[in-house]
Amino acid sequence: MKKLLVLCLALAAVISLAACGEEGKSESGDDSLTIGISLPSATHGWMGALIENAENQAKEIKESEGIDYVMTNAADPNKQANDVDDLISQGVDVIVMLPIESAALSPVGQKVKDAGIPLVIVDRELENDAASVVVKGDNEGIGVNAGKYFIEQLDGEGKVVEITGPPSSVTEQRGAGFKEAMDGAEGIEVVASQSGEFSTETSLEVMSNILQAQPEIDAVFTQDDGMALGVVQAIKEAGREDIQFVTGAGGAKGVFESIKDDGLISATFLYSPTMVRDGVKIAADIAQGEDPEESMVVKEATKVVKDNVEEYYNPDSKF
């Protein structure tokens with residue numbers, strides 16, 4: 001009888017300890033939570049700044065809330081697809097992804113959704129509804145605001161070149177917004193439209209070829225500040241003086257300096273790489289069981305010109 005009593009007491013103690021363990025796990029569950037972050041490689045300044053912002057935000061959350069993170073970077077869609085597969089297999093609680101290409105990464109987004117993992121998409125959208133939340137800049141607004149600026153500066157007449165990004169929702173939306181705004185100006189002709197791959201070097205090469213093919217150009221719309229800098233270099237190397245201005249998108253320090261100094265780049269439209277911080281914060285909230293306040297977070301595409309550039313210029317900025 002005594003042996004039975006001792007056995008019962010021991011069993012009760014084990015059950016009690018197990019219950020306490022479960023209670024402790026619940027109270028400090030953040031220690032076991034992990035955010036998976038899948039981003040492209042830093043092929044240009046904006047992306048480099050975004051990667052830095054993502055990691056800094058993830059570190060801050062780890063220190064303050066105890067949520068761990070795993071970050072991956074990929075140079076091409078296939079590598080990114082494999083990275084996301086690895087994150088799924090690791091059993092992360094939520095994934096933040098900036099797709100290298102919208103179409104190529106849409107099936108991967110669906111895999112994440114099918115695995116029951118919440119997905120926060122930053123910048124470039126997918127072509128399906130796999131994302132729980134999308135955080136992006138106002139890409140169409142960038143195009144529309146740029147188009148209005150061109151009409152205003154050219155008085156509704158002129159020959160324009162468009163330098164686009166690689167295949168993605170960003171490129172499509174910026175191009176569609178620009179076209180929408182320019183449809184009202186019959187006197188403005190887009191004489192060339194080519195991809196600069198969001199790369200300064202590629203844009204320099206592409207613009208050099210366009211300059212040889214087009215003897216008359218009044219202005220250049222680029223979908224990215226890094227590309228705008230490459231375009232300006234090509235124009236200078238070609239010795240062309242007919243081009244009145246170039247515009248960018250993003251908010252790079254070098255472009256702000258051109259605007260400040262009355263350089264060839266006279267305007268840009270904000271698309272801050274700090275948007276990824278919002279994405280990581282939202283992911284942390286979701287991992288802890290909170291429902292997102294909204295499924296679409298859009299950052300304003302503010303026009304930056306000589307009159308307001310000082311409000312945004314930071315001489316210590318790395319981007």
# chains A, B, ... in the order shown; residues from 1 in each chain; ligands from 1

$ residues_around --residues "Gln173 of chain A" --least-positions-apart "4" --cutoff "6 Å" --atoms "only C-alpha atoms" --output "number ranges by chain"
A: 139-140, 169

$ residues_around --residues "Gly226 of chain A" --least-positions-apart "2" --cutoff "12 Å" --atoms "only C-alpha atoms" --output "ChimeraX atom specification"
/A:43-48,163-165,196-204,222-224,228-233,246-256,265,268,319

$ residues_around --residues "Met71 of chain A" --least-positions-apart "3" --cutoff "12 Å" --atoms "only C-alpha atoms" --output "PDB file with N, CA, C and O atoms, in the first residue's frame"
ATOM      1  N   THR A  34      10.549  31.933 -34.704  1.00  0.00           N
ATOM      2  CA  THR A  34      11.580  32.297 -35.685  1.00  0.00           C
ATOM      3  C   THR A  34      10.938  32.933 -36.915  1.00  0.00           C
ATOM      4  O   THR A  34       9.955  32.424 -37.446  1.00  0.00           O
ATOM      5  N   ILE A  35      11.519  34.036 -37.343  1.00  0.00           N
ATOM      6  CA  ILE A  35      11.114  34.702 -38.585  1.00  0.00           C
ATOM      7  C   ILE A  35      12.099  34.298 -39.679  1.00  0.00           C
ATOM      8  O   ILE A  35      13.313  34.436 -39.513  1.00  0.00           O
ATOM      9  N   GLY A  36      11.597  33.795 -40.797  1.00  0.00           N
ATOM     10  CA  GLY A  36      12.438  33.518 -41.952  1.00  0.00           C
ATOM     11  C   GLY A  36      12.402  34.715 -42.891  1.00  0.00           C
ATOM     12  O   GLY A  36      11.325  35.239 -43.175  1.00  0.00           O
ATOM     13  N   ILE A  37      13.562  35.169 -43.344  1.00  0.00           N
ATOM     14  CA  ILE A  37      13.635  36.349 -44.223  1.00  0.00           C
ATOM     15  C   ILE A  37      14.363  35.965 -45.501  1.00  0.00           C
ATOM     16  O   ILE A  37      15.534  35.577 -45.473  1.00  0.00           O
ATOM     17  N   SER A  38      13.676  36.072 -46.638  1.00  0.00           N
ATOM     18  CA  SER A  38      14.256  35.721 -47.940  1.00  0.00           C
ATOM     19  C   SER A  38      14.318  36.966 -48.821  1.00  0.00           C
ATOM     20  O   SER A  38      13.290  37.503 -49.231  1.00  0.00           O
ATOM     21  N   LEU A  39      15.549  37.393 -49.125  1.00  0.00           N
ATOM     22  CA  LEU A  39      15.753  38.624 -49.898  1.00  0.00           C
ATOM     23  C   LEU A  39      16.699  38.375 -51.073  1.00  0.00           C
ATOM     24  O   LEU A  39      17.488  37.431 -51.050  1.00  0.00           O
ATOM     25  N   PRO A  40      16.643  39.238 -52.099  1.00  0.00           N
ATOM     26  CA  PRO A  40      17.640  39.154 -53.175  1.00  0.00           C
ATOM     27  C   PRO A  40      19.015  39.556 -52.658  1.00  0.00           C
ATOM     28  O   PRO A  40      19.155  40.089 -51.554  1.00  0.00           O
ATOM     29  N   SER A  41      20.031  39.327 -53.461  1.00  0.00           N
ATOM     30  CA  SER A  41      21.375  39.799 -53.133  1.00  0.00           C
ATOM     31  C   SER A  41      21.448  41.308 -53.340  1.00  0.00           C
ATOM     32  O   SER A  41      20.614  41.900 -54.044  1.00  0.00           O
ATOM     33  N   ILE A  51      18.457  45.351 -47.297  1.00  0.00           N
ATOM     34  CA  ILE A  51      18.983  44.192 -46.570  1.00  0.00           C
ATOM     35  C   ILE A  51      19.488  44.620 -45.191  1.00  0.00           C
ATOM     36  O   ILE A  51      19.226  43.967 -44.178  1.00  0.00           O
ATOM     37  N   GLU A  52      20.207  45.733 -45.161  1.00  0.00           N
ATOM     38  CA  GLU A  52      20.729  46.239 -43.891  1.00  0.00           C
ATOM     39  C   GLU A  52      19.588  46.600 -42.932  1.00  0.00           C
ATOM     40  O   GLU A  52      19.634  46.275 -41.735  1.00  0.00           O
ATOM     41  N   ALA A  54      16.556  45.353 -42.948  1.00  0.00           N
ATOM     42  CA  ALA A  54      15.879  44.121 -42.538  1.00  0.00           C
ATOM     43  C   ALA A  54      16.629  43.452 -41.388  1.00  0.00           C
ATOM     44  O   ALA A  54      16.031  43.051 -40.381  1.00  0.00           O
ATOM     45  N   GLU A  55      17.951  43.348 -41.532  1.00  0.00           N
ATOM     46  CA  GLU A  55      18.734  42.668 -40.502  1.00  0.00           C
ATOM     47  C   GLU A  55      18.753  43.464 -39.204  1.00  0.00           C
ATOM     48  O   GLU A  55      18.647  42.900 -38.112  1.00  0.00           O
ATOM     49  N   ASN A  56      18.883  44.798 -39.325  1.00  0.00           N
ATOM     50  CA  ASN A  56      18.891  45.623 -38.120  1.00  0.00           C
ATOM     51  C   ASN A  56      17.566  45.519 -37.367  1.00  0.00           C
ATOM     52  O   ASN A  56      17.548  45.436 -36.133  1.00  0.00           O
ATOM     53  N   GLN A  57      16.451  45.519 -38.120  1.00  0.00           N
ATOM     54  CA  GLN A  57      15.144  45.409 -37.477  1.00  0.00           C
ATOM     55  C   GLN A  57      14.978  44.037 -36.827  1.00  0.00           C
ATOM     56  O   GLN A  57      14.463  43.923 -35.709  1.00  0.00           O
ATOM     57  N   ALA A  58      15.423  42.992 -37.517  1.00  0.00           N
ATOM     58  CA  ALA A  58      15.325  41.636 -36.972  1.00  0.00           C
ATOM     59  C   ALA A  58      16.162  41.492 -35.697  1.00  0.00           C
ATOM     60  O   ALA A  58      15.731  40.859 -34.718  1.00  0.00           O
ATOM     61  N   LYS A  59      17.354  42.111 -35.679  1.00  0.00           N
ATOM     62  CA  LYS A  59      18.203  42.075 -34.490  1.00  0.00           C
ATOM     63  C   LYS A  59      17.535  42.789 -33.320  1.00  0.00           C
ATOM     64  O   LYS A  59      17.579  42.321 -32.179  1.00  0.00           O
ATOM     65  N   ASP A  68      13.752  34.836 -32.760  1.00  0.00           N
ATOM     66  CA  ASP A  68      14.939  34.578 -33.576  1.00  0.00           C
ATOM     67  C   ASP A  68      14.621  34.832 -35.051  1.00  0.00           C
ATOM     68  O   ASP A  68      13.454  35.006 -35.435  1.00  0.00           O
ATOM     69  N   ALA A  74      19.632  35.731 -52.217  1.00  0.00           N
ATOM     70  CA  ALA A  74      19.758  34.955 -53.460  1.00  0.00           C
ATOM     71  C   ALA A  74      20.018  35.868 -54.654  1.00  0.00           C
ATOM     72  O   ALA A  74      19.479  36.973 -54.733  1.00  0.00           O
ATOM     73  N   GLN A  80      16.495  31.606 -54.766  1.00  0.00           N
ATOM     74  CA  GLN A  80      15.530  32.097 -53.785  1.00  0.00           C
ATOM     75  C   GLN A  80      14.453  31.052 -53.506  1.00  0.00           C
ATOM     76  O   GLN A  80      14.032  30.873 -52.356  1.00  0.00           O
ATOM     77  N   ASP A  83      15.913  28.659 -51.172  1.00  0.00           N
ATOM     78  CA  ASP A  83      16.033  29.274 -49.844  1.00  0.00           C
ATOM     79  C   ASP A  83      14.713  29.184 -49.082  1.00  0.00           C
ATOM     80  O   ASP A  83      14.681  28.845 -47.894  1.00  0.00           O
ATOM     81  N   VAL A  84      13.626  29.495 -49.787  1.00  0.00           N
ATOM     82  CA  VAL A  84      12.303  29.473 -49.142  1.00  0.00           C
ATOM     83  C   VAL A  84      11.917  28.039 -48.780  1.00  0.00           C
ATOM     84  O   VAL A  84      11.345  27.788 -47.710  1.00  0.00           O
ATOM     85  N   ASP A  86      13.928  25.761 -47.876  1.00  0.00           N
ATOM     86  CA  ASP A  86      14.702  25.465 -46.660  1.00  0.00           C
ATOM     87  C   ASP A  86      14.036  26.083 -45.429  1.00  0.00           C
ATOM     88  O   ASP A  86      13.983  25.453 -44.363  1.00  0.00           O
ATOM     89  N   LEU A  87      13.535  27.318 -45.593  1.00  0.00           N
ATOM     90  CA  LEU A  87      12.861  27.982 -44.469  1.00  0.00           C
ATOM     91  C   LEU A  87      11.605  27.214 -44.063  1.00  0.00           C
ATOM     92  O   LEU A  87      11.310  27.065 -42.868  1.00  0.00           O
ATOM     93  N   VAL A  92       9.937  27.570 -39.732  1.00  0.00           N
ATOM     94  CA  VAL A  92       9.842  28.941 -39.225  1.00  0.00           C
ATOM     95  C   VAL A  92       8.369  29.312 -39.030  1.00  0.00           C
ATOM     96  O   VAL A  92       7.469  28.712 -39.626  1.00  0.00           O
ATOM     97  N   ILE A  95       7.281  33.990 -42.699  1.00  0.00           N
ATOM     98  CA  ILE A  95       8.316  34.293 -43.690  1.00  0.00           C
ATOM     99  C   ILE A  95       8.100  35.688 -44.258  1.00  0.00           C
ATOM    100  O   ILE A  95       6.977  36.059 -44.612  1.00  0.00           O
ATOM    101  N   VAL A  96       9.186  36.452 -44.330  1.00  0.00           N
ATOM    102  CA  VAL A  96       9.208  37.741 -45.024  1.00  0.00           C
ATOM    103  C   VAL A  96       9.974  37.530 -46.318  1.00  0.00           C
ATOM    104  O   VAL A  96      11.115  37.058 -46.291  1.00  0.00           O
ATOM    105  N   MET A  97       9.381  37.865 -47.453  1.00  0.00           N
ATOM    106  CA  MET A  97      10.050  37.636 -48.742  1.00  0.00           C
ATOM    107  C   MET A  97       9.925  38.846 -49.655  1.00  0.00           C
ATOM    108  O   MET A  97       8.850  39.426 -49.785  1.00  0.00           O
ATOM    109  N   LEU A  98      11.048  39.216 -50.266  1.00  0.00           N
ATOM    110  CA  LEU A  98      11.039  40.173 -51.367  1.00  0.00           C
ATOM    111  C   LEU A  98      11.360  39.362 -52.620  1.00  0.00           C
ATOM    112  O   LEU A  98      12.505  38.956 -52.822  1.00  0.00           O
ATOM    113  N   VAL A 280       9.138  43.358 -41.328  1.00  0.00           N
ATOM    114  CA  VAL A 280       9.682  42.502 -40.269  1.00  0.00           C
ATOM    115  C   VAL A 280       8.900  42.688 -38.968  1.00  0.00           C
ATOM    116  O   VAL A 280       8.628  41.716 -38.244  1.00  0.00           O
TER     117      VAL A 280
END

$ closest_residue --among "A:Ala219, A:Ile67, A:Val94, A:Ala130" --to "Ile286 of chain A" --atoms "only C-alpha atoms"
A:Val94

$ residues_around --residues "Ser193 of chain A" --least-positions-apart "4" --cutoff "12 Å" --atoms "only C-alpha atoms" --output "number ranges by chain"
A: 159-165, 171, 175, 178-179, 189, 203, 206-207, 209-210, 214, 220-223

$ write_last_selection --atoms "N, CA, C and O atoms" --output "short mmCIF file (atom, residue, chain, number, x, y, z; two decimals), in the first residue's frame"
data_model
loop_
_atom_site.label_atom_id
_atom_site.label_comp_id
_atom_site.auth_asym_id
_atom_site.auth_seq_id
_atom_site.Cartn_x
_atom_site.Cartn_y
_atom_site.Cartn_z
N LYS A 159 10.63 64.40 -76.75
CA LYS A 159 10.99 63.00 -76.97
C LYS A 159 11.59 62.45 -75.68
O LYS A 159 12.55 63.01 -75.14
N VAL A 160 11.02 61.34 -75.21
CA VAL A 160 11.35 60.80 -73.89
C VAL A 160 11.85 59.36 -73.99
O VAL A 160 11.36 58.58 -74.81
N VAL A 161 12.81 59.02 -73.14
CA VAL A 161 13.31 57.65 -73.01
C VAL A 161 12.87 57.12 -71.65
O VAL A 161 12.91 57.84 -70.65
N GLU A 162 12.47 55.85 -71.61
CA GLU A 162 12.10 55.19 -70.36
C GLU A 162 13.06 54.03 -70.10
O GLU A 162 13.25 53.16 -70.95
N ILE A 163 13.68 54.03 -68.91
CA ILE A 163 14.55 52.93 -68.49
C ILE A 163 13.82 52.19 -67.37
O ILE A 163 13.60 52.74 -66.29
N THR A 164 13.45 50.94 -67.64
CA THR A 164 12.62 50.16 -66.72
C THR A 164 13.46 49.19 -65.89
O THR A 164 14.66 49.03 -66.11
N GLY A 165 12.78 48.50 -64.95
CA GLY A 165 13.42 47.47 -64.16
C GLY A 165 13.20 46.10 -64.76
O GLY A 165 12.63 45.97 -65.85
N THR A 171 8.10 46.98 -61.70
CA THR A 171 8.33 47.49 -63.05
C THR A 171 7.02 47.73 -63.79
O THR A 171 6.83 48.79 -64.41
N GLY A 175 5.67 51.49 -64.76
CA GLY A 175 5.49 51.74 -66.19
C GLY A 175 4.06 52.09 -66.53
O GLY A 175 3.79 53.00 -67.33
N PHE A 178 3.23 55.64 -65.39
CA PHE A 178 3.85 56.64 -66.28
C PHE A 178 3.06 56.75 -67.58
O PHE A 178 2.77 57.85 -68.05
N LYS A 179 2.69 55.60 -68.14
CA LYS A 179 1.92 55.58 -69.38
C LYS A 179 0.55 56.24 -69.19
O LYS A 179 0.09 57.01 -70.04
N GLU A 189 6.48 61.94 -76.97
CA GLU A 189 6.69 60.63 -77.57
C GLU A 189 7.76 59.86 -76.82
O GLU A 189 8.85 60.37 -76.56
N SER A 203 22.35 50.09 -66.82
CA SER A 203 21.67 51.28 -67.33
C SER A 203 22.62 52.17 -68.12
O SER A 203 22.24 52.76 -69.13
N VAL A 206 22.93 50.35 -71.47
CA VAL A 206 21.69 50.46 -72.25
C VAL A 206 21.49 51.89 -72.77
O VAL A 206 21.14 52.09 -73.94
N MET A 207 21.74 52.86 -71.91
CA MET A 207 21.55 54.26 -72.31
C MET A 207 22.56 54.68 -73.37
O MET A 207 22.25 55.45 -74.28
N ASN A 209 23.70 52.82 -75.75
CA ASN A 209 23.18 52.32 -77.02
C ASN A 209 22.00 53.17 -77.51
O ASN A 209 21.89 53.44 -78.71
N ILE A 210 21.15 53.57 -76.59
CA ILE A 210 20.00 54.40 -76.97
C ILE A 210 20.47 55.75 -77.49
O ILE A 210 19.92 56.27 -78.48
N GLN A 214 19.29 57.30 -80.98
CA GLN A 214 18.34 58.41 -80.92
C GLN A 214 19.08 59.75 -80.94
O GLN A 214 19.68 60.16 -79.95
N VAL A 220 14.69 61.79 -69.69
CA VAL A 220 14.74 60.35 -69.43
C VAL A 220 14.04 60.05 -68.10
O VAL A 220 14.39 60.62 -67.06
N PHE A 221 13.08 59.13 -68.17
CA PHE A 221 12.41 58.63 -66.96
C PHE A 221 13.02 57.29 -66.60
O PHE A 221 13.00 56.35 -67.40
N THR A 222 13.62 57.19 -65.43
CA THR A 222 14.13 55.90 -64.97
C THR A 222 13.32 55.45 -63.76
O THR A 222 12.85 56.28 -62.98
N GLN A 223 13.17 54.15 -63.61
CA GLN A 223 12.35 53.60 -62.53
C GLN A 223 13.14 53.37 -61.24
O GLN A 223 12.64 52.75 -60.30
#

$ closest_residue --among "A:Thr302, A:Gln288, A:Asn53, A:Ser168" --to "Tyr271 of chain A" --atoms "only C-alpha atoms"
A:Thr302

$ residues_around --residues "Asn145 of chain A" --least-positions-apart "4" --cutoff "9 Å" --atoms "only C-alpha atoms" --output "ChimeraX atom specification"
/A:140-141,149-150,177-178,181,269,301-303

$ atom_distance --atom1 "atom CA of Gly279 of chain A" --atom2 "atom CA of Ile121 of chain A"
7.4 Å

$ residues_around --residues "Val108 of chain A" --least-positions-apart "5" --cutoff "10 Å" --atoms "only C-alpha atoms" --output "ChimeraX atom specification"
/A:77,80-82,84-85,99,103,113-114,126,130

$ write_last_selection --atoms "N, CA, C and O atoms" --output "compact mmCIF listing (two decimals), in the first residue's frame"
# COMPACT_ATOMS: atom_id res chain seq x y z
N PRO A 77 16.14 33.72 -59.13
CA PRO A 77 14.88 33.13 -58.62
C PRO A 77 15.01 31.68 -58.17
O PRO A 77 14.38 31.29 -57.20
N GLN A 80 16.49 31.61 -54.77
CA GLN A 80 15.53 32.10 -53.78
C GLN A 80 14.45 31.05 -53.51
O GLN A 80 14.03 30.87 -52.36
N ALA A 81 14.01 30.35 -54.54
CA ALA A 81 13.01 29.29 -54.34
C ALA A 81 13.55 28.21 -53.40
O ALA A 81 12.84 27.73 -52.51
N ASN A 82 14.83 27.84 -53.59
CA ASN A 82 15.46 26.84 -52.72
C ASN A 82 15.59 27.36 -51.28
O ASN A 82 15.40 26.61 -50.32
N VAL A 84 13.63 29.49 -49.79
CA VAL A 84 12.30 29.47 -49.14
C VAL A 84 11.92 28.04 -48.78
O VAL A 84 11.35 27.79 -47.71
N ASP A 85 12.23 27.08 -49.66
CA ASP A 85 11.98 25.67 -49.33
C ASP A 85 12.69 25.28 -48.04
O ASP A 85 12.14 24.56 -47.19
N PRO A 99 10.36 39.06 -53.45
CA PRO A 99 10.59 38.19 -54.62
C PRO A 99 11.51 38.85 -55.65
O PRO A 99 11.31 40.02 -56.01
N ALA A 103 6.54 36.63 -61.13
CA ALA A 103 5.98 35.40 -61.71
C ALA A 103 6.72 34.15 -61.23
O ALA A 103 6.11 33.15 -60.84
N LYS A 113 2.11 29.28 -48.29
CA LYS A 113 0.72 29.31 -47.83
C LYS A 113 0.21 27.90 -47.55
O LYS A 113 -0.45 27.65 -46.53
N ASP A 114 0.49 26.96 -48.47
CA ASP A 114 0.04 25.57 -48.31
C ASP A 114 0.65 24.91 -47.07
O ASP A 114 0.06 23.99 -46.49
N LEU A 126 3.43 39.21 -55.55
CA LEU A 126 3.25 37.93 -56.23
C LEU A 126 2.05 38.03 -57.17
O LEU A 126 1.28 38.99 -57.10
N ALA A 130 -1.15 34.44 -52.16
CA ALA A 130 -0.43 33.69 -51.12
C ALA A 130 -0.03 34.56 -49.93
O ALA A 130 0.13 34.07 -48.82

$ select_by_dssp --residues "segment 44-272 of chain A" --states "alpha helix (DSSP H)" --output "PyMOL selection string"
chain A and resi 45-65+77-90+102-114+139-154+169-182+200-213+225-238+253-260

$ residues_around --residues "Asp218 of chain A" --least-positions-apart "5" --cutoff "12 Å" --atoms "only C-alpha atoms" --output "PyMOL selection string"
chain A and resi 150-151+153-162+188-192+211+235+240-246+264
